[in-house]
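> Pasting a structure below so you can have a look.
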Amino acid sequence: MLKSLRVSAACRRLDHWLLPPRCVFCGIPTVEGEQGVCDPCRCDLPFNDPACPACAAPMDGAPGDMPCARCRARPLPLETVIAAFRYAFPVDAAVHAIKFRRRLEFVPVLASALTGALRRAGLDADVLVPVPLHGVRHGIRGFNQAFELARLVGRDCGLPVSKLASRRRRTRPQTGLDRAARRRNLEAAFGVEGRLSCRHALIVDDVMTTGATVIELAGRLREAGVERVSALVALRRA
């Protein structure tokens, strides 16, 4: 057994020497602890700070503990929203590459940022609910990016990932739709099979714009017995 472990460790060292890990953004070799992103690129990433503590909308120059004007006028029907990044280069290009070019090497980087943001927030969620894709779109794409993110966050934070939510209706892409059209587009789009025995569900998605997607899914989760619902998203548009 010990000999086998030594051989395995030697193989990993050889693999690291022959194919050193590289930064997913610039391609230079990374060192241990950089987790797929070199330190110079990490310093340039558009982390979402400061942000509205309620909806996570970017709040440049504003205190991070005061809700934004939109939340003061009409709060989202969610406990809170946590967003790792603002929707800006290069993470916006990374999400596009994941969804449309199957560049899944970006997923661990985004998931690591989500894990860090969740831990800093100290949220008491007890289950992760990835936003589901319709079966047709899932079949074409081959994966659900929200589930891939949730899977890694759940592993690192010790949280289960629920598969009870489903996309019952194939909706139009939200891109290009205004706030009202986004809400109409998602009416009755989601369903939840059975009851969720949890107090605080955390919806996981890649991008949040107006919040129409998470709001619609949150409503279905409450109907399924969830007391509180929050959202964890990789990128937040202003």
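By convention in this document, the chains of the structure tokens carry letters A, B, ... by their order, each chain's residues are numbered from 1, and ligands are numbered from 1 in the order they are shown.
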Show me, as a ChimeraX atom specification, the residues that have an atom within 8 Å of A:Phe100 when counting only C-alpha atoms, minus same-chain residues fewer than 3 positions from it.
/A:96-97,141
> Could you give me, as a ChimeraX atom specification, each residue of stretch 8-223 of chain A that DSSP assigns to strand (DSSP E or B) when run on this structure's backbone?
/A:22,29,47,51,58,81-86,127-130,161,165-167,190-192,200-208
> Keeping N, CA and C atoms, export the residues of the selection given above as a PDB file, in the first residue's frame.

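Full text of result05.pdb as output:
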```pdb
ATOM      1  N   ARG A  22      -1.558  25.959 -15.508  1.00  0.00           N
ATOM      2  CA  ARG A  22      -1.437  27.316 -16.026  1.00  0.00           C
ATOM      3  C   ARG A  22      -2.650  28.152 -15.658  1.00  0.00           C
ATOM      4  N   PRO A  29       2.408  29.635 -16.210  1.00  0.00           N
ATOM      5  CA  PRO A  29       2.378  28.595 -15.178  1.00  0.00           C
ATOM      6  C   PRO A  29       2.030  29.185 -13.809  1.00  0.00           C
ATOM      7  N   PHE A  47     -13.905  41.744  -8.598  1.00  0.00           N
ATOM      8  CA  PHE A  47     -14.650  41.289  -7.428  1.00  0.00           C
ATOM      9  C   PHE A  47     -15.760  42.287  -7.099  1.00  0.00           C
ATOM     10  N   ALA A  51     -20.889  46.311  -2.636  1.00  0.00           N
ATOM     11  CA  ALA A  51     -22.134  45.903  -3.295  1.00  0.00           C
ATOM     12  C   ALA A  51     -23.291  46.068  -2.327  1.00  0.00           C
ATOM     13  N   PRO A  58     -23.680  46.109  -7.813  1.00  0.00           N
ATOM     14  CA  PRO A  58     -22.470  46.906  -7.571  1.00  0.00           C
ATOM     15  C   PRO A  58     -22.816  48.312  -7.104  1.00  0.00           C
ATOM     16  N   VAL A  81     -28.680  38.272  -1.539  1.00  0.00           N
ATOM     17  CA  VAL A  81     -27.985  37.782  -2.735  1.00  0.00           C
ATOM     18  C   VAL A  81     -26.493  37.976  -2.508  1.00  0.00           C
ATOM     19  N   ILE A  82     -25.717  36.958  -2.836  1.00  0.00           N
ATOM     20  CA  ILE A  82     -24.256  37.023  -2.758  1.00  0.00           C
ATOM     21  C   ILE A  82     -23.715  36.844  -4.168  1.00  0.00           C
ATOM     22  N   ALA A  83     -22.859  37.757  -4.602  1.00  0.00           N
ATOM     23  CA  ALA A  83     -22.260  37.663  -5.935  1.00  0.00           C
ATOM     24  C   ALA A  83     -20.749  37.790  -5.812  1.00  0.00           C
ATOM     25  N   ALA A  84     -20.028  36.875  -6.420  1.00  0.00           N
ATOM     26  CA  ALA A  84     -18.569  36.891  -6.328  1.00  0.00           C
ATOM     27  C   ALA A  84     -17.945  38.009  -7.155  1.00  0.00           C
ATOM     28  N   PHE A  85     -18.451  38.215  -8.377  1.00  0.00           N
ATOM     29  CA  PHE A  85     -17.851  39.174  -9.302  1.00  0.00           C
ATOM     30  C   PHE A  85     -18.900  40.100  -9.904  1.00  0.00           C
ATOM     31  N   ARG A  86     -18.442  41.222 -10.393  1.00  0.00           N
ATOM     32  CA  ARG A  86     -19.259  42.066 -11.257  1.00  0.00           C
ATOM     33  C   ARG A  86     -19.166  41.528 -12.681  1.00  0.00           C
ATOM     34  N   VAL A 127     -28.965  23.938   1.972  1.00  0.00           N
ATOM     35  CA  VAL A 127     -29.012  23.194   0.722  1.00  0.00           C
ATOM     36  C   VAL A 127     -28.766  24.153  -0.436  1.00  0.00           C
ATOM     37  N   LEU A 128     -28.100  23.656  -1.483  1.00  0.00           N
ATOM     38  CA  LEU A 128     -27.860  24.429  -2.696  1.00  0.00           C
ATOM     39  C   LEU A 128     -28.830  23.947  -3.771  1.00  0.00           C
ATOM     40  N   VAL A 129     -29.436  24.911  -4.480  1.00  0.00           N
ATOM     41  CA  VAL A 129     -30.391  24.583  -5.535  1.00  0.00           C
ATOM     42  C   VAL A 129     -29.930  25.260  -6.827  1.00  0.00           C
ATOM     43  N   PRO A 130     -29.242  24.531  -7.709  1.00  0.00           N
ATOM     44  CA  PRO A 130     -28.831  25.148  -8.980  1.00  0.00           C
ATOM     45  C   PRO A 130     -30.033  25.447  -9.859  1.00  0.00           C
ATOM     46  N   VAL A 161     -26.529  19.269  -2.636  1.00  0.00           N
ATOM     47  CA  VAL A 161     -27.049  19.919  -3.840  1.00  0.00           C
ATOM     48  C   VAL A 161     -28.354  19.226  -4.221  1.00  0.00           C
ATOM     49  N   ALA A 165     -35.506  20.697  -8.290  1.00  0.00           N
ATOM     50  CA  ALA A 165     -36.031  21.760  -9.150  1.00  0.00           C
ATOM     51  C   ALA A 165     -35.874  21.368 -10.617  1.00  0.00           C
ATOM     52  N   SER A 166     -36.864  21.723 -11.423  1.00  0.00           N
ATOM     53  CA  SER A 166     -36.818  21.398 -12.852  1.00  0.00           C
ATOM     54  C   SER A 166     -37.325  22.580 -13.668  1.00  0.00           C
ATOM     55  N   ARG A 167     -36.961  22.575 -14.929  1.00  0.00           N
ATOM     56  CA  ARG A 167     -37.423  23.605 -15.868  1.00  0.00           C
ATOM     57  C   ARG A 167     -38.538  22.996 -16.689  1.00  0.00           C
ATOM     58  N   PHE A 190     -40.602  27.053 -13.802  1.00  0.00           N
ATOM     59  CA  PHE A 190     -39.946  26.114 -12.903  1.00  0.00           C
ATOM     60  C   PHE A 190     -40.949  25.285 -12.125  1.00  0.00           C
ATOM     61  N   GLY A 191     -40.492  24.136 -11.692  1.00  0.00           N
ATOM     62  CA  GLY A 191     -41.276  23.291 -10.807  1.00  0.00           C
ATOM     63  C   GLY A 191     -40.351  22.645  -9.799  1.00  0.00           C
ATOM     64  N   VAL A 192     -40.896  22.235  -8.677  1.00  0.00           N
ATOM     65  CA  VAL A 192     -40.125  21.525  -7.656  1.00  0.00           C
ATOM     66  C   VAL A 192     -40.885  20.253  -7.316  1.00  0.00           C
ATOM     67  N   HIS A 200     -33.332  26.941   4.873  1.00  0.00           N
ATOM     68  CA  HIS A 200     -32.755  28.045   4.091  1.00  0.00           C
ATOM     69  C   HIS A 200     -32.092  27.475   2.836  1.00  0.00           C
ATOM     70  N   ALA A 201     -32.734  27.661   1.693  1.00  0.00           N
ATOM     71  CA  ALA A 201     -32.191  27.195   0.417  1.00  0.00           C
ATOM     72  C   ALA A 201     -31.410  28.313  -0.260  1.00  0.00           C
ATOM     73  N   LEU A 202     -30.334  27.926  -0.910  1.00  0.00           N
ATOM     74  CA  LEU A 202     -29.476  28.890  -1.598  1.00  0.00           C
ATOM     75  C   LEU A 202     -29.470  28.552  -3.082  1.00  0.00           C
ATOM     76  N   ILE A 203     -30.126  29.394  -3.882  1.00  0.00           N
ATOM     77  CA  ILE A 203     -30.168  29.207  -5.337  1.00  0.00           C
ATOM     78  C   ILE A 203     -28.804  29.576  -5.920  1.00  0.00           C
ATOM     79  N   VAL A 204     -28.285  28.741  -6.801  1.00  0.00           N
ATOM     80  CA  VAL A 204     -26.976  28.975  -7.413  1.00  0.00           C
ATOM     81  C   VAL A 204     -27.159  29.189  -8.912  1.00  0.00           C
ATOM     82  N   ASP A 205     -26.540  30.261  -9.434  1.00  0.00           N
ATOM     83  CA  ASP A 205     -26.598  30.538 -10.874  1.00  0.00           C
ATOM     84  C   ASP A 205     -25.311  31.209 -11.304  1.00  0.00           C
ATOM     85  N   ASP A 206     -25.108  31.294 -12.615  1.00  0.00           N
ATOM     86  CA  ASP A 206     -23.882  31.903 -13.122  1.00  0.00           C
ATOM     87  C   ASP A 206     -23.979  33.421 -13.181  1.00  0.00           C
ATOM     88  N   VAL A 207     -25.102  33.952 -13.692  1.00  0.00           N
ATOM     89  CA  VAL A 207     -25.239  35.403 -13.869  1.00  0.00           C
ATOM     90  C   VAL A 207     -26.600  35.849 -13.349  1.00  0.00           C
ATOM     91  N   MET A 208     -26.629  36.999 -12.687  1.00  0.00           N
ATOM     92  CA  MET A 208     -27.893  37.606 -12.269  1.00  0.00           C
ATOM     93  C   MET A 208     -27.952  39.028 -12.822  1.00  0.00           C
TER      94      MET A 208
END
```
> What does the structure give for the distance between atom CA of A:Ile140 and atom CA of A:Arg169, in Å to one decimal?
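Interatomic distance, atom CA of A:Ile140 to atom CA of A:Arg169: 15.7 Å.
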> Would you list the contacts of A:Leu186 as number ranges by chain, taking every protein, DNA or RNA residue within 8 Å and counting only C-alpha atoms, but skipping same-chain residues closer than 2 positions in sequence?
A: 171, 182-184, 188-190, 212-213, 216
> Would you put the residues from that selection into a file with N, CA and C atoms, as a PDB file, in the first residue's frame?

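This is the output file selection.pdb:
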```pdb
ATOM      1  N   THR A 171     -37.961  28.381 -22.197  1.00  0.00           N
ATOM      2  CA  THR A 171     -38.154  29.823 -22.317  1.00  0.00           C
ATOM      3  C   THR A 171     -37.176  30.429 -23.316  1.00  0.00           C
ATOM      4  N   ARG A 182     -38.658  39.930 -18.871  1.00  0.00           N
ATOM      5  CA  ARG A 182     -37.967  38.817 -18.221  1.00  0.00           C
ATOM      6  C   ARG A 182     -38.905  38.092 -17.258  1.00  0.00           C
ATOM      7  N   ARG A 183     -39.688  38.850 -16.511  1.00  0.00           N
ATOM      8  CA  ARG A 183     -40.627  38.231 -15.574  1.00  0.00           C
ATOM      9  C   ARG A 183     -41.672  37.408 -16.332  1.00  0.00           C
ATOM     10  N   ARG A 184     -42.218  37.982 -17.403  1.00  0.00           N
ATOM     11  CA  ARG A 184     -43.227  37.256 -18.177  1.00  0.00           C
ATOM     12  C   ARG A 184     -42.643  35.996 -18.807  1.00  0.00           C
ATOM     13  N   ALA A 188     -44.231  30.450 -14.588  1.00  0.00           N
ATOM     14  CA  ALA A 188     -44.509  29.000 -14.590  1.00  0.00           C
ATOM     15  C   ALA A 188     -43.413  28.190 -15.281  1.00  0.00           C
ATOM     16  N   ALA A 189     -42.192  28.736 -15.317  1.00  0.00           N
ATOM     17  CA  ALA A 189     -41.104  28.026 -15.989  1.00  0.00           C
ATOM     18  C   ALA A 189     -40.498  26.933 -15.127  1.00  0.00           C
ATOM     19  N   PHE A 190     -40.602  27.053 -13.802  1.00  0.00           N
ATOM     20  CA  PHE A 190     -39.946  26.114 -12.903  1.00  0.00           C
ATOM     21  C   PHE A 190     -40.949  25.285 -12.125  1.00  0.00           C
ATOM     22  N   ALA A 212     -35.003  38.123 -12.101  1.00  0.00           N
ATOM     23  CA  ALA A 212     -36.255  37.454 -12.461  1.00  0.00           C
ATOM     24  C   ALA A 212     -36.156  35.941 -12.310  1.00  0.00           C
ATOM     25  N   THR A 213     -35.034  35.361 -12.693  1.00  0.00           N
ATOM     26  CA  THR A 213     -34.878  33.905 -12.627  1.00  0.00           C
ATOM     27  C   THR A 213     -34.921  33.411 -11.191  1.00  0.00           C
ATOM     28  N   GLU A 216     -38.418  33.841  -9.514  1.00  0.00           N
ATOM     29  CA  GLU A 216     -39.405  32.842  -9.937  1.00  0.00           C
ATOM     30  C   GLU A 216     -39.127  31.491  -9.279  1.00  0.00           C
TER      31      GLU A 216
END
```
> May I have the residues within 9 Å of stretch 144-159 of chain A as an mmCIF file with N, CA, C and O atoms, in the first residue's frame, using only C-alpha atoms and disregarding those fewer than 4 positions away in the same chain?

```cif
data_model
loop_
_atom_site.group_PDB
_atom_site.id
_atom_site.type_symbol
_atom_site.label_atom_id
_atom_site.label_comp_id
_atom_site.auth_asym_id
_atom_site.auth_seq_id
_atom_site.Cartn_x
_atom_site.Cartn_y
_atom_site.Cartn_z
ATOM 1 N N VAL A 95 -17.597 33.055 -18.448
ATOM 2 C CA VAL A 95 -18.932 32.454 -18.408
ATOM 3 C C VAL A 95 -19.409 32.131 -19.819
ATOM 4 O O VAL A 95 -19.978 31.060 -20.077
ATOM 5 N N ILE A 98 -17.658 29.028 -20.998
ATOM 6 C CA ILE A 98 -18.203 27.822 -20.371
ATOM 7 C C ILE A 98 -19.467 27.384 -21.096
ATOM 8 O O ILE A 98 -19.611 26.215 -21.488
ATOM 9 N N LYS A 99 -20.389 28.303 -21.300
ATOM 10 C CA LYS A 99 -21.712 27.966 -21.816
ATOM 11 C C LYS A 99 -21.721 27.631 -23.304
ATOM 12 O O LYS A 99 -22.482 26.759 -23.741
ATOM 13 N N LEU A 104 -14.779 24.213 -19.645
ATOM 14 C CA LEU A 104 -15.116 23.910 -18.256
ATOM 15 C C LEU A 104 -13.956 24.157 -17.283
ATOM 16 O O LEU A 104 -14.149 24.070 -16.072
ATOM 17 N N VAL A 107 -14.776 26.694 -14.643
ATOM 18 C CA VAL A 107 -15.746 26.414 -13.585
ATOM 19 C C VAL A 107 -15.108 26.379 -12.198
ATOM 20 O O VAL A 107 -15.618 27.009 -11.265
ATOM 21 N N PRO A 108 -13.975 25.661 -11.984
ATOM 22 C CA PRO A 108 -13.389 25.644 -10.645
ATOM 23 C C PRO A 108 -12.971 27.021 -10.138
ATOM 24 O O PRO A 108 -13.049 27.289 -8.939
ATOM 25 N N LEU A 110 -14.452 29.981 -10.867
ATOM 26 C CA LEU A 110 -15.660 30.679 -10.433
ATOM 27 C C LEU A 110 -16.212 30.054 -9.152
ATOM 28 O O LEU A 110 -16.655 30.766 -8.245
ATOM 29 N N ALA A 111 -16.185 28.723 -9.076
ATOM 30 C CA ALA A 111 -16.700 28.040 -7.887
ATOM 31 C C ALA A 111 -15.873 28.383 -6.654
ATOM 32 O O ALA A 111 -16.415 28.549 -5.553
ATOM 33 N N SER A 112 -14.563 28.489 -6.823
ATOM 34 C CA SER A 112 -13.702 28.859 -5.694
ATOM 35 C C SER A 112 -14.035 30.254 -5.174
ATOM 36 O O SER A 112 -14.081 30.494 -3.965
ATOM 37 N N LEU A 114 -16.970 31.697 -5.476
ATOM 38 C CA LEU A 114 -18.270 31.583 -4.824
ATOM 39 C C LEU A 114 -18.132 31.023 -3.419
ATOM 40 O O LEU A 114 -18.786 31.496 -2.483
ATOM 41 N N THR A 115 -17.296 30.013 -3.266
ATOM 42 C CA THR A 115 -17.071 29.434 -1.945
ATOM 43 C C THR A 115 -16.527 30.476 -0.983
ATOM 44 O O THR A 115 -16.983 30.592 0.163
ATOM 45 N N LEU A 118 -19.274 32.978 -0.079
ATOM 46 C CA LEU A 118 -20.265 32.385 0.823
ATOM 47 C C LEU A 118 -19.728 32.287 2.241
ATOM 48 O O LEU A 118 -20.434 32.589 3.211
ATOM 49 N N ARG A 119 -18.482 31.885 2.377
ATOM 50 C CA ARG A 119 -17.890 31.775 3.704
ATOM 51 C C ARG A 119 -17.756 33.136 4.374
ATOM 52 O O ARG A 119 -17.996 33.277 5.573
ATOM 53 N N ALA A 125 -27.207 28.740 5.138
ATOM 54 C CA ALA A 125 -27.964 27.908 4.199
ATOM 55 C C ALA A 125 -27.695 26.436 4.467
ATOM 56 O O ALA A 125 -26.612 26.057 4.930
ATOM 57 N N ASP A 126 -28.702 25.595 4.171
ATOM 58 C CA ASP A 126 -28.509 24.165 4.394
ATOM 59 C C ASP A 126 -28.689 23.319 3.141
ATOM 60 O O ASP A 126 -28.563 22.101 3.203
ATOM 61 N N VAL A 127 -28.965 23.938 1.972
ATOM 62 C CA VAL A 127 -29.012 23.194 0.722
ATOM 63 C C VAL A 127 -28.766 24.153 -0.436
ATOM 64 O O VAL A 127 -29.140 25.320 -0.376
ATOM 65 N N LEU A 128 -28.100 23.656 -1.483
ATOM 66 C CA LEU A 128 -27.860 24.429 -2.696
ATOM 67 C C LEU A 128 -28.830 23.947 -3.771
ATOM 68 O O LEU A 128 -29.023 22.742 -3.958
ATOM 69 N N VAL A 129 -29.436 24.911 -4.480
ATOM 70 C CA VAL A 129 -30.391 24.583 -5.535
ATOM 71 C C VAL A 129 -29.930 25.260 -6.827
ATOM 72 O O VAL A 129 -30.167 26.452 -7.027
ATOM 73 N N PRO A 130 -29.242 24.531 -7.709
ATOM 74 C CA PRO A 130 -28.831 25.148 -8.980
ATOM 75 C C PRO A 130 -30.033 25.447 -9.859
ATOM 76 O O PRO A 130 -31.000 24.670 -9.897
ATOM 77 N N VAL A 131 -29.993 26.575 -10.552
ATOM 78 C CA VAL A 131 -31.062 26.907 -11.493
ATOM 79 C C VAL A 131 -31.061 25.864 -12.601
ATOM 80 O O VAL A 131 -30.045 25.662 -13.281
ATOM 81 N N PRO A 132 -32.178 25.172 -12.803
ATOM 82 C CA PRO A 132 -32.188 24.081 -13.795
ATOM 83 C C PRO A 132 -32.301 24.589 -15.230
ATOM 84 O O PRO A 132 -32.851 25.661 -15.484
ATOM 85 N N LEU A 133 -31.781 23.796 -16.148
ATOM 86 C CA LEU A 133 -31.960 24.036 -17.575
ATOM 87 C C LEU A 133 -33.106 23.165 -18.086
ATOM 88 O O LEU A 133 -33.378 22.098 -17.536
ATOM 89 N N ARG A 137 -32.325 22.174 -23.846
ATOM 90 C CA ARG A 137 -31.097 22.978 -23.779
ATOM 91 C C ARG A 137 -29.982 22.217 -23.080
ATOM 92 O O ARG A 137 -28.809 22.315 -23.459
ATOM 93 N N HIS A 138 -30.349 21.466 -22.047
ATOM 94 C CA HIS A 138 -29.343 20.663 -21.347
ATOM 95 C C HIS A 138 -28.752 19.624 -22.301
ATOM 96 O O HIS A 138 -27.540 19.381 -22.307
ATOM 97 N N LYS A 163 -31.582 18.255 -6.507
ATOM 98 C CA LYS A 163 -31.939 18.098 -7.918
ATOM 99 C C LYS A 163 -33.454 18.099 -8.110
ATOM 100 O O LYS A 163 -33.957 17.672 -9.143
ATOM 101 N N ILE A 203 -30.126 29.394 -3.882
ATOM 102 C CA ILE A 203 -30.168 29.207 -5.337
ATOM 103 C C ILE A 203 -28.804 29.576 -5.920
ATOM 104 O O ILE A 203 -28.235 30.615 -5.580
ATOM 105 N N VAL A 204 -28.285 28.741 -6.801
ATOM 106 C CA VAL A 204 -26.976 28.975 -7.413
ATOM 107 C C VAL A 204 -27.159 29.189 -8.912
ATOM 108 O O VAL A 204 -27.831 28.398 -9.592
ATOM 109 N N ASP A 205 -26.540 30.261 -9.434
ATOM 110 C CA ASP A 205 -26.598 30.538 -10.874
ATOM 111 C C ASP A 205 -25.311 31.209 -11.304
ATOM 112 O O ASP A 205 -24.514 31.667 -10.469
ATOM 113 N N ASP A 206 -25.108 31.294 -12.615
ATOM 114 C CA ASP A 206 -23.882 31.903 -13.122
ATOM 115 C C ASP A 206 -23.979 33.421 -13.181
ATOM 116 O O ASP A 206 -23.051 34.123 -12.777
ATOM 117 N N VAL A 233 -24.577 33.877 -6.793
ATOM 118 C CA VAL A 233 -24.314 33.963 -8.225
ATOM 119 C C VAL A 233 -22.868 34.334 -8.471
ATOM 120 O O VAL A 233 -22.238 35.042 -7.676
ATOM 121 N N ALA A 234 -22.329 33.838 -9.576
ATOM 122 C CA ALA A 234 -20.932 34.115 -9.903
ATOM 123 C C ALA A 234 -20.744 35.565 -10.339
ATOM 124 O O ALA A 234 -19.825 36.242 -9.886
#
```
> Can you list every residue in stretch 113-238 of chain A that DSSP puts in alpha helix (DSSP H), as number ranges by chain?
A: 113-121, 135-141, 145-157, 179-185, 212-223
> Have a look at A:Val91, A:Cys55, A:Cys198, A:Val31 and name the one nearest to A:Ala238; count only C-alpha atoms.
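Counting only C-alpha atoms, the residue closest to A:Ala238 is A:Cys55.
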> Might you pull out every residue within 10 Å of A:Gln35, with only C-alpha atoms counted and same-chain residues fewer than 2 positions away left off, and present them as a PyMOL selection string?
chain A and resi 21-24+30-33+37-39+108-109+112
> Quick one: pull the distance between atom CA of A:Thr210 and atom CA of A:Met66, Å, one decimal.
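We find that atom CA of A:Thr210 and atom CA of A:Met66 lie 19.0 Å from each other.
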> Expressed in Å to a single decimal, how great is the separation between atom CA of A:Glu223 and atom CA of A:Glu187?
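Separation of atom CA of A:Glu223 and atom CA of A:Glu187: 14.7 Å.
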> Of the residues A:Asn48, A:Thr175, A:Ser197, A:Ser230, which is the one nearest to A:Thr80, using only C-alpha atoms?
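For A:Thr80, the nearest of the given residues is A:Ser230.
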